[in-house]
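**Student:** Dropping in target-v9.txt, with compact mmCIF, C-alpha atoms.
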# COMPACT_ATOMS: atom_id res chain seq x y z
CA MET A 1 -27.13 -10.51 -69.51
CA PRO A 2 -30.27 -8.87 -68.09
CA LYS A 3 -30.13 -5.12 -68.05
CA PRO A 4 -29.98 -3.63 -64.58
CA PRO A 5 -33.18 -1.85 -63.54
CA GLU A 6 -33.41 1.79 -64.60
CA PRO A 7 -32.02 3.86 -61.80
CA SER A 8 -34.11 6.71 -60.55
CA PHE A 9 -32.17 9.93 -60.70
CA SER A 10 -33.54 13.08 -59.14
CA ASP A 11 -35.59 15.39 -61.36
CA LEU A 12 -32.83 17.99 -61.43
CA THR A 13 -30.24 15.44 -62.58
CA VAL A 14 -32.55 14.11 -65.30
CA LEU A 15 -33.19 17.65 -66.57
CA MET A 16 -29.51 18.59 -66.50
CA LEU A 17 -28.53 15.41 -68.38
CA ALA A 18 -31.15 16.24 -71.01
CA VAL A 19 -29.62 19.69 -71.39
CA ARG A 20 -26.10 18.24 -71.52
CA ASP A 21 -26.77 15.36 -73.88
CA LYS A 22 -29.68 16.60 -76.01
CA ARG A 23 -29.53 20.38 -75.67
CA ASP A 24 -33.13 20.07 -74.51
CA ARG A 25 -34.63 23.55 -74.21
CA ALA A 26 -37.77 22.46 -72.41
CA ALA A 27 -35.60 20.79 -69.77
CA PHE A 28 -33.52 23.95 -69.53
CA GLY A 29 -36.73 25.93 -69.04
CA GLN A 30 -37.62 23.73 -66.07
CA LEU A 31 -34.14 24.17 -64.61
CA PHE A 32 -34.62 27.91 -65.07
CA ASP A 33 -37.94 27.82 -63.21
CA TYR A 34 -36.29 26.03 -60.31
CA PHE A 35 -32.98 27.85 -60.06
CA ALA A 36 -33.59 31.41 -61.29
CA PRO A 37 -35.64 32.49 -58.24
CA ARG A 38 -33.13 30.86 -55.87
CA LEU A 39 -30.10 32.35 -57.62
CA LYS A 40 -31.83 35.72 -57.53
CA GLY A 41 -32.50 35.30 -53.82
CA VAL A 42 -28.86 34.44 -53.15
CA ALA A 43 -27.64 37.40 -55.23
CA MET A 44 -29.87 39.76 -53.26
CA ARG A 45 -28.25 38.64 -49.99
CA SER A 46 -25.18 40.67 -50.86
CA GLY A 47 -27.26 43.82 -51.26
CA LEU A 48 -28.00 43.76 -54.99
CA GLY A 49 -31.28 45.23 -56.13
CA SER A 50 -33.90 43.12 -57.90
CA GLY A 51 -32.80 44.03 -61.44
CA ALA A 52 -29.09 43.52 -60.82
CA ALA A 53 -29.77 40.22 -59.04
CA GLU A 54 -31.74 39.01 -62.09
CA ASP A 55 -28.81 39.94 -64.32
CA VAL A 56 -26.53 37.82 -62.15
CA ALA A 57 -28.95 34.87 -62.17
CA GLN A 58 -29.27 35.20 -65.94
CA GLU A 59 -25.49 35.17 -66.44
CA VAL A 60 -25.17 32.08 -64.26
CA LEU A 61 -27.89 30.19 -66.10
CA LEU A 62 -26.48 31.15 -69.48
CA THR A 63 -23.16 29.66 -68.31
CA VAL A 64 -25.02 26.52 -67.21
CA TRP A 65 -26.37 26.20 -70.77
CA ARG A 66 -23.05 26.89 -72.45
CA LYS A 67 -20.89 24.74 -70.18
CA ALA A 68 -23.40 21.92 -69.81
CA GLU A 69 -20.97 19.42 -71.32
CA GLN A 70 -18.79 19.88 -68.22
CA PHE A 71 -21.53 18.66 -65.90
CA ASP A 72 -20.44 15.35 -64.37
CA PRO A 73 -23.10 13.78 -62.13
CA HIS A 74 -20.51 11.38 -60.67
CA ARG A 75 -18.68 14.27 -59.08
CA ALA A 76 -21.27 16.88 -58.24
CA GLN A 77 -24.96 17.35 -57.75
CA VAL A 78 -26.66 19.77 -60.15
CA SER A 79 -27.07 22.29 -57.32
CA ALA A 80 -23.44 21.93 -56.21
CA TRP A 81 -22.28 22.44 -59.80
CA ILE A 82 -24.45 25.53 -60.24
CA PHE A 83 -23.27 26.81 -56.86
CA GLN A 84 -19.69 26.63 -58.19
CA ILE A 85 -20.62 28.45 -61.40
CA ALA A 86 -22.38 31.21 -59.46
CA ARG A 87 -19.42 31.63 -57.14
CA ASN A 88 -16.82 31.67 -59.94
CA ARG A 89 -18.95 34.11 -61.91
CA ARG A 90 -19.20 36.47 -58.97
CA ILE A 91 -15.44 36.46 -58.44
CA ASP A 92 -14.61 36.82 -62.14
CA LEU A 93 -16.88 39.85 -62.32
CA VAL A 94 -15.14 41.53 -59.39
CA ARG A 95 -11.64 40.68 -60.60
CA LYS A 96 -10.25 41.16 -64.06
CA GLU A 97 -8.65 37.74 -64.16
CA ASN A 98 -10.22 34.37 -63.70
CA ARG A 99 -10.42 32.60 -60.40
CA PRO A 100 -7.81 29.84 -59.97
CA VAL A 101 -9.53 26.47 -60.28
CA PRO A 102 -8.09 22.98 -59.73
CA GLU A 103 -7.19 20.76 -62.66
CA GLU A 104 -10.07 18.65 -63.87
CA ILE A 105 -9.69 14.96 -63.21
CA LYS A 106 -9.39 13.13 -66.50
CA ILE A 107 -12.21 10.69 -66.85
CA ALA A 108 -10.70 7.83 -68.83
CA ASP A 109 -12.93 7.77 -71.92
CA GLU A 110 -15.97 7.21 -69.82
CA VAL A 111 -18.58 5.81 -72.16
CA GLU A 112 -21.52 5.38 -69.89
CA ASP A 113 -22.69 6.95 -66.70
CA ASP A 114 -22.21 4.79 -63.65
CA ALA A 115 -25.77 4.93 -62.39
CA GLY A 116 -24.98 3.33 -59.05
CA GLN A 117 -22.44 5.99 -58.23
CA ILE A 118 -24.76 8.81 -59.27
CA VAL A 119 -27.63 7.44 -57.18
CA ALA A 120 -25.33 7.00 -54.16
CA MET A 121 -24.20 10.61 -54.50
CA GLU A 122 -27.81 11.79 -54.69
CA GLN A 123 -28.74 9.87 -51.56
CA GLU A 124 -25.84 11.46 -49.77
CA ALA A 125 -26.93 14.91 -50.90
CA GLY A 126 -30.43 14.19 -49.60
CA GLN A 127 -29.00 13.25 -46.22
CA LEU A 128 -26.94 16.43 -46.27
CA LYS A 129 -30.08 18.53 -46.72
CA GLN A 130 -31.77 16.76 -43.83
CA ALA A 131 -28.69 17.28 -41.70
CA LEU A 132 -28.74 21.00 -42.53
CA ASP A 133 -32.36 21.12 -41.41
CA ARG A 134 -31.46 19.55 -38.10
CA LEU A 135 -28.89 22.22 -37.24
CA LYS A 136 -29.76 24.75 -34.58
CA PRO A 137 -31.11 27.90 -36.28
CA ALA A 138 -28.17 30.01 -35.09
CA GLN A 139 -25.67 27.53 -36.54
CA ARG A 140 -27.55 27.12 -39.76
CA ASP A 141 -27.82 30.86 -40.17
CA LEU A 142 -24.07 31.35 -39.83
CA ILE A 143 -23.28 28.48 -42.18
CA GLN A 144 -25.66 29.95 -44.73
CA LYS A 145 -23.99 33.35 -44.40
CA ALA A 146 -20.53 31.83 -44.75
CA TYR A 147 -21.39 29.83 -47.89
CA LEU A 148 -23.91 32.06 -49.62
CA GLY A 149 -23.62 35.54 -48.22
CA ASP A 150 -20.21 36.16 -49.70
CA LEU A 151 -18.99 37.08 -46.24
CA THR A 152 -15.76 36.22 -44.50
CA HIS A 153 -15.89 35.16 -40.85
CA LYS A 154 -14.70 38.66 -39.97
CA GLU A 155 -17.51 40.27 -41.95
CA ILE A 156 -20.09 37.95 -40.38
CA SER A 157 -18.78 39.01 -37.00
CA ASP A 158 -19.16 42.68 -37.93
CA GLN A 159 -22.63 42.12 -39.35
CA THR A 160 -24.05 40.06 -36.50
CA GLY A 161 -22.21 41.67 -33.62
CA LEU A 162 -21.06 38.20 -32.50
CA ALA A 163 -17.43 37.92 -31.43
CA LEU A 164 -15.17 36.56 -34.18
CA GLY A 165 -14.33 33.53 -31.99
CA THR A 166 -18.03 32.79 -31.57
CA VAL A 167 -18.60 32.95 -35.32
CA LYS A 168 -15.68 30.63 -35.99
CA SER A 169 -16.64 28.11 -33.34
CA ARG A 170 -20.33 28.05 -34.32
CA ILE A 171 -19.41 27.41 -37.93
CA ARG A 172 -16.90 24.76 -36.90
CA LEU A 173 -19.43 23.05 -34.62
CA GLY A 174 -22.08 23.24 -37.33
CA LEU A 175 -19.74 21.57 -39.82
CA GLU A 176 -18.80 18.92 -37.26
CA ARG A 177 -22.45 18.27 -36.67
CA LEU A 178 -23.01 17.84 -40.42
CA ARG A 179 -20.03 15.55 -40.67
CA HIS A 180 -21.28 13.48 -37.75
CA ASP A 181 -24.72 13.17 -39.34
CA LEU A 182 -23.22 12.12 -42.64
CA LYS A 183 -20.89 9.54 -41.13
CA GLY A 184 -21.78 5.98 -41.86
CA LEU A 185 -23.18 6.89 -45.25
CA ARG A 186 -20.00 5.91 -47.00
CA MET B 1 -0.62 11.00 -53.27
CA SER B 2 -0.86 9.47 -49.82
CA GLN B 3 2.56 10.88 -48.97
CA ILE B 4 1.05 14.33 -48.46
CA HIS B 5 1.07 15.09 -44.74
CA HIS B 6 0.22 18.78 -44.57
CA HIS B 7 -3.18 19.72 -45.96
CA ILE B 8 -5.31 22.82 -46.41
CA PRO B 9 -6.79 23.92 -43.07
CA GLU B 10 -10.56 23.39 -43.03
CA PRO B 11 -11.57 27.08 -42.68
CA MET B 12 -9.37 27.97 -45.66
CA LEU B 13 -10.88 25.24 -47.84
CA MET B 14 -14.32 26.40 -46.81
CA ALA B 15 -13.46 30.01 -47.68
CA TYR B 16 -12.21 28.82 -51.09
CA ALA B 17 -15.48 26.91 -51.63
CA ALA B 18 -17.49 29.96 -50.61
CA GLY B 19 -15.39 32.25 -52.82
CA THR B 20 -14.21 34.52 -50.02
CA LEU B 21 -10.50 33.60 -50.10
CA GLU B 22 -7.96 36.12 -51.42
CA HIS B 23 -6.81 35.51 -54.98
CA SER B 24 -3.22 34.64 -54.05
CA PHE B 25 -4.34 32.07 -51.47
CA ALA B 26 -6.97 30.72 -53.85
CA LEU B 27 -4.17 29.89 -56.30
CA LEU B 28 -2.35 27.88 -53.62
CA VAL B 29 -5.54 26.04 -52.70
CA ALA B 30 -6.34 25.26 -56.35
CA ALA B 31 -2.77 23.98 -56.85
CA HIS B 32 -2.86 21.81 -53.72
CA VAL B 33 -6.28 20.37 -54.62
CA SER B 34 -4.86 19.48 -58.06
CA MET B 35 -2.25 17.35 -56.26
CA CYS B 36 -4.27 16.00 -53.32
CA ASP B 37 -7.24 13.64 -53.64
CA ASP B 38 -8.17 14.05 -49.97
CA CYS B 39 -8.56 17.80 -50.26
CA ARG B 40 -10.35 17.46 -53.61
CA SER B 41 -12.92 15.27 -51.95
CA ALA B 42 -13.20 17.62 -48.95
CA LEU B 43 -13.72 20.54 -51.35
CA GLY B 44 -16.46 18.57 -53.11
CA ALA B 45 -18.19 18.15 -49.74
CA HIS B 46 -18.08 21.92 -49.10
CA GLU B 47 -19.50 22.56 -52.56
CA ALA B 48 -22.25 20.04 -51.85
CA VAL B 49 -23.15 22.07 -48.75
CA GLY B 50 -23.22 25.19 -50.92
CA GLY B 51 -25.48 23.42 -53.41
CA ALA B 52 -27.83 22.19 -50.70
CA LEU B 53 -28.06 25.72 -49.28
CA LEU B 54 -28.83 27.03 -52.77
CA GLU B 55 -31.66 24.48 -53.15
CA GLN B 56 -33.10 25.45 -49.78
CA HIS B 57 -32.76 29.18 -50.30
CA PRO B 58 -35.98 31.23 -50.26
CA GLU B 59 -37.09 32.15 -53.76
CA GLN B 60 -37.35 35.65 -55.15
CA ALA B 61 -39.90 35.82 -57.96
CA VAL B 62 -38.27 36.70 -61.27
CA SER B 63 -39.80 38.94 -63.91
CA ALA B 64 -41.41 37.37 -66.97
CA ARG B 65 -38.96 39.22 -69.22
CA MET B 66 -35.98 37.45 -67.72
CA LYS B 67 -36.74 34.01 -69.11
CA ASP B 68 -37.41 35.37 -72.60
CA ALA B 69 -34.23 37.43 -72.52
CA LEU B 70 -32.22 34.37 -71.50
CA PHE B 71 -33.75 32.07 -74.09
CA ALA B 72 -33.08 34.69 -76.78
CA GLN B 73 -29.37 34.36 -75.98
CA LEU B 74 -29.05 30.59 -76.06
CA ASP B 75 -27.95 30.49 -79.70
CA ASP B 76 -25.60 33.46 -79.47
CA ALA B 77 -21.90 32.78 -79.54
CA PRO B 78 -20.25 33.75 -76.23
CA LYS B 79 -19.08 37.36 -76.31
CA GLN B 80 -15.64 36.50 -75.03
CA GLU B 81 -13.43 33.85 -76.52
CA PRO B 82 -13.30 30.92 -74.14
CA GLU B 83 -10.34 31.12 -71.82
CA VAL B 84 -7.46 28.83 -72.80
CA THR B 85 -6.89 26.29 -70.06
CA TYR B 86 -3.47 24.91 -69.30
CA GLY B 87 -2.88 21.52 -67.73
CA ARG B 88 0.02 20.34 -65.62
CA SER B 89 3.47 20.79 -67.14
CA GLY B 90 6.42 19.14 -65.39
CA VAL B 91 6.20 19.89 -61.69
CA PHE B 92 3.75 22.75 -62.21
CA PRO B 93 0.07 21.89 -61.68
CA GLY B 94 -2.59 23.36 -63.97
CA PRO B 95 -3.49 26.42 -61.88
CA VAL B 96 0.19 27.44 -61.78
CA MET B 97 0.52 26.97 -65.56
CA GLN B 98 -2.61 29.09 -65.88
CA ALA B 99 -0.96 31.85 -63.84
CA LEU B 100 2.16 31.48 -66.01
CA LYS B 101 -0.07 31.66 -69.12
CA GLY B 102 1.49 28.44 -70.36
CA GLN B 103 5.05 29.79 -70.39
CA PRO B 104 7.92 28.33 -68.38
CA PRO B 105 8.80 30.44 -65.33
CA ARG B 106 11.29 33.28 -65.85
CA TRP B 107 13.48 32.96 -62.80
CA LYS B 108 15.15 35.99 -61.28
CA SER B 109 17.94 35.48 -58.78
CA VAL B 110 17.39 36.99 -55.37
CA GLY B 111 20.82 35.80 -54.18
CA GLY B 112 21.93 32.96 -51.92
CA GLY B 113 20.94 30.24 -54.38
CA VAL B 114 17.33 31.39 -54.38
CA ARG B 115 15.41 32.41 -57.48
CA GLN B 116 11.85 33.55 -57.85
CA THR B 117 9.14 34.26 -60.38
CA LEU B 118 6.37 36.61 -59.35
CA LEU B 119 2.98 35.33 -60.50
CA HIS B 120 0.67 37.93 -59.08
CA ALA B 121 0.80 40.89 -56.73
CA ASP B 122 -1.83 43.34 -55.58
CA ALA B 123 -2.76 45.21 -52.44
CA ALA B 124 -4.22 42.05 -50.92
CA GLY B 125 -1.01 40.04 -51.26
CA SER B 126 1.27 38.28 -53.67
CA VAL B 127 2.07 34.83 -54.96
CA ARG B 128 5.32 33.63 -56.46
CA LEU B 129 7.35 30.59 -57.37
CA LEU B 130 10.53 30.01 -55.38
CA TYR B 131 13.50 27.94 -56.52
CA ILE B 132 15.83 27.05 -53.68
CA ALA B 133 19.13 25.32 -54.50
CA PRO B 134 19.81 22.13 -52.50
CA GLY B 135 20.94 22.91 -48.96
CA ARG B 136 20.28 26.64 -49.31
CA ALA B 137 17.94 28.72 -47.20
CA VAL B 138 15.28 31.29 -48.04
CA PRO B 139 16.45 34.55 -46.40
CA ASP B 140 15.27 34.76 -42.83
CA HIS B 141 11.92 36.50 -42.88
CA GLY B 142 8.81 37.11 -40.89
CA HIS B 143 5.47 38.17 -42.31
CA ASN B 144 2.91 40.76 -41.51
CA GLY B 145 0.16 38.29 -42.26
CA ILE B 146 -0.14 34.67 -43.31
CA GLU B 147 2.28 32.93 -45.64
CA LEU B 148 1.34 29.74 -47.46
CA THR B 149 4.01 27.57 -49.05
CA LEU B 150 3.25 24.57 -51.28
CA VAL B 151 6.10 22.26 -52.29
CA LEU B 152 6.10 21.33 -55.98
CA GLN B 153 9.51 19.62 -56.17
CA GLY B 154 12.07 18.47 -53.59
CA ALA B 155 11.52 19.26 -49.92
CA PHE B 156 12.38 21.80 -47.26
CA ARG B 157 12.65 21.86 -43.52
CA ASP B 158 12.18 24.71 -41.14
CA GLU B 159 11.62 25.20 -37.43
CA THR B 160 8.17 23.62 -37.72
CA GLY B 161 8.90 20.42 -39.64
CA ARG B 162 9.58 18.78 -43.01
CA PHE B 163 7.59 19.57 -46.12
CA GLY B 164 7.70 17.37 -49.23
CA VAL B 165 5.92 17.43 -52.58
CA GLY B 166 2.25 18.39 -52.15
CA ASP B 167 2.67 19.56 -48.55
CA LEU B 168 1.28 22.95 -47.65
CA GLU B 169 2.80 25.00 -44.85
CA VAL B 170 0.74 27.71 -43.21
CA ALA B 171 2.83 30.24 -41.25
CA ASP B 172 1.31 33.21 -39.48
CA ASP B 173 3.06 36.33 -38.21
CA THR B 174 4.21 34.59 -35.04
CA VAL B 175 6.53 32.38 -37.09
CA GLU B 176 10.03 33.66 -37.85
CA HIS B 177 11.25 30.82 -39.97
CA THR B 178 14.13 29.90 -42.21
CA PRO B 179 13.13 27.23 -44.70
CA VAL B 180 16.15 25.21 -45.85
CA ALA B 181 15.97 23.05 -48.97
CA GLU B 182 16.95 19.41 -48.48
CA LEU B 183 19.92 18.01 -50.35
CA GLY B 184 19.02 16.34 -53.63
CA ALA B 185 16.74 18.01 -56.14
CA PRO B 186 16.33 21.78 -55.91
CA CYS B 187 13.23 22.71 -53.96
CA ILE B 188 10.54 24.47 -55.98
CA CYS B 189 7.66 26.00 -54.05
CA LEU B 190 4.61 28.12 -54.65
CA ALA B 191 4.40 30.76 -51.92
CA ALA B 192 1.65 33.26 -51.18
CA THR B 193 1.31 36.01 -48.62
CA ASP B 194 -1.55 38.30 -47.76
CA ALA B 195 0.93 41.08 -46.95
CA PRO B 196 4.40 42.02 -48.23
CA LEU B 197 7.20 39.96 -46.69
CA ARG B 198 9.51 41.61 -44.18
CA PHE B 199 13.08 40.60 -44.72
CA ASN B 200 15.38 40.95 -41.78
CA SER B 201 18.51 41.97 -43.62
CA LEU B 202 19.13 45.20 -45.45
CA ILE B 203 19.83 44.04 -48.98
CA PRO B 204 16.69 41.99 -49.52
CA ARG B 205 14.77 44.88 -48.00
CA LEU B 206 16.22 47.27 -50.58
CA LEU B 207 15.34 44.81 -53.30
CA GLN B 208 11.82 44.33 -52.06
CA PRO B 209 10.09 47.14 -53.99
CA LEU B 210 12.23 46.37 -57.02
CA LEU B 211 11.37 42.69 -57.12
CA ARG B 212 7.89 43.18 -55.74
CA ILE B 213 8.15 40.46 -53.15
Using structure tokens, write down the structure that the file contains.

**Tutor:**
Amino acid sequence: MPKPPEPSFSDLTVLMLAVRDKRDRAAFGQLFDYFAPRLKGVAMRSGLGSGAAEDVAQEVLLTVWRKAEQFDPHRAQVSAWIFQIARNRRIDLVRKENRPVPEEIKIADEVEDDAGQIVAMEQEAGQLKQALDRLKPAQRDLIQKAYLGDLTHKEISDQTGLALGTVKSRIRLGLERLRHDLKGLR
Amino acid sequence: MSQIHHHIPEPMLMAYAAGTLEHSFALLVAAHVSMCDDCRSALGAHEAVGGALLEQHPEQAVSARMKDALFAQLDDAPKQEPEVTYGRSGVFPGPVMQALKGQPPRWKSVGGGVRQTLLHADAAGSVRLLYIAPGRAVPDHGHNGIELTLVLQGAFRDETGRFGVGDLEVADDTVEHTPVAELGAPCICLAATDAPLRFNSLIPRLLQPLLRI
């Protein structure tokens, strides 16, 4: 049987698979160069100073290295996986006990990556980014605060001076807009 | 799992994805997601949004030292022993077994055919397992905040409907409800509140500080 053509994964996925499967330090260095400044930026949103924000980013990336074998490109993009690690890390630091996480789905002795599924997921993530760019700035801003700013809807309301109902409905409309844009991809 | 009819409300799933949900509610969400493929996929979508926002986030230049310091640690053993993870055991999904630290629940009777095991309580709320004998009712109660109830075994009915395995009921402080277990298997639920429960009769109220419910 002819081999299917090599699929083209995104750079981030290729790097992360090299870290996962080969413990490739050069690849990890490239992931660092991409994510460390972004993770630092996100950490500074919640009021951390530069040094403390770097400590957080460093912790997150160290976890990425240590837990690399848990990365499953069929289920999450590299950025979505690192987003989860950063969020869990933040909560575990605040609380003494670990954050409750769902059971992992058992992957039945998966021998090889299903390239088609990974590529499909990457295309969807690309569409998601475009859809985020198409949001009205006010909607995008609130969605960014809700996901990255570590703020509840109530806190966003306090911070922006917008009524709580306005915050909730803008976020809801923004999510509906995203969902509408992503429809038809599946 | 298509028989699940009551799912996690969207804002709550989003708050879980963002990490802003109270611990006790987060346990309920994690337990429901372990049982519900629809909500697992919806959670994945929220996390994809989080990832996309991370990719698009403005960069803050990092110091040169940081990369060296990180690479110097790559060969170190983790400081803490890795956390033991527990999978599903019987009717209890993994996150519940995690909260039970792998032990079977130690039920305490609260009277009227109802038993409970407290899993966690702090100022922000509490979460517990409830065991309701067939046909029995949870003492009539209202709440100061929101109460979430996830059915793990059996089923219950209250003024708002029927809830079977995997269903999640969300009741706010406008709901005075009396959940009654269906006949058949005892009903086992995971219940979380973001405020102490108010019981409407004297004896449970006296027991409340004692049992920490």

**Student:** Can you work out which one of B:Leu168, B:Val114, B:Ala52, B:Ala45 has the shortest atom-to-atom distance to A:Val78, counting only C-alpha atoms?

**Tutor:**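 Looking at the shortest contact to A:Val78, the residue is B:Ala52.
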
**Student:** With only C-alpha atoms considered, list every residue of chain B at most 8 Å from chain A, as a VMD selection string.

**Tutor:** chain B and resid 14 to 15 17 to 20 23 26 to 27 30 to 31 33 to 34 44 47 to 55 57 to 62 66 to 67 70 73 to 74 87 to 88 93 to 95 98

**Student:** Could you tell me which of A:Val64, A:Ala131, A:Val56, A:Ala138 comes closest to A:Leu162 if we count all atoms listed in the file?

**Tutor:**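 Closest to A:Leu162 of all the choices is A:Ala138.
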
**Student:** What is the atom CA of B:Thr178-atom CA of B:Asp158 distance in Å, reported with one decimal?

**Tutor:** 5.6 Å

**Student:** Rounded to one decimal in Å, what is the spacing between atom CA of B:Ile188 and atom CA of B:Leu150?

**Tutor:** 8.7 Å

**Student:** Provide an axis-aligned box for all listed atoms of stretch 52-59 of chain B, padding each side by 5 Å; report its centre and its edge lengths in Å to one decimal, as AutoDock Vina command-line options.

**Tutor:**
--center_x -32.5 --center_y 27.2 --center_z -51.5 --size_x 19.3 --size_y 20.0 --size_z 14.5

**Student:** Pick the closest to B:Val165 from B:His32, B:Ala195, B:Ser24, B:Pro104: which is it, counting only C-alpha atoms?

**Tutor:**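 Ranked by minimum distance to B:Val165, first place goes to B:His32.
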
**Student:** Atom CA of A:Leu31 and atom CA of A:Ser8 are how many Å apart?

**Tutor:**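 Atom-to-atom, atom CA of A:Leu31 to atom CA of A:Ser8, that is 17.9 Å.
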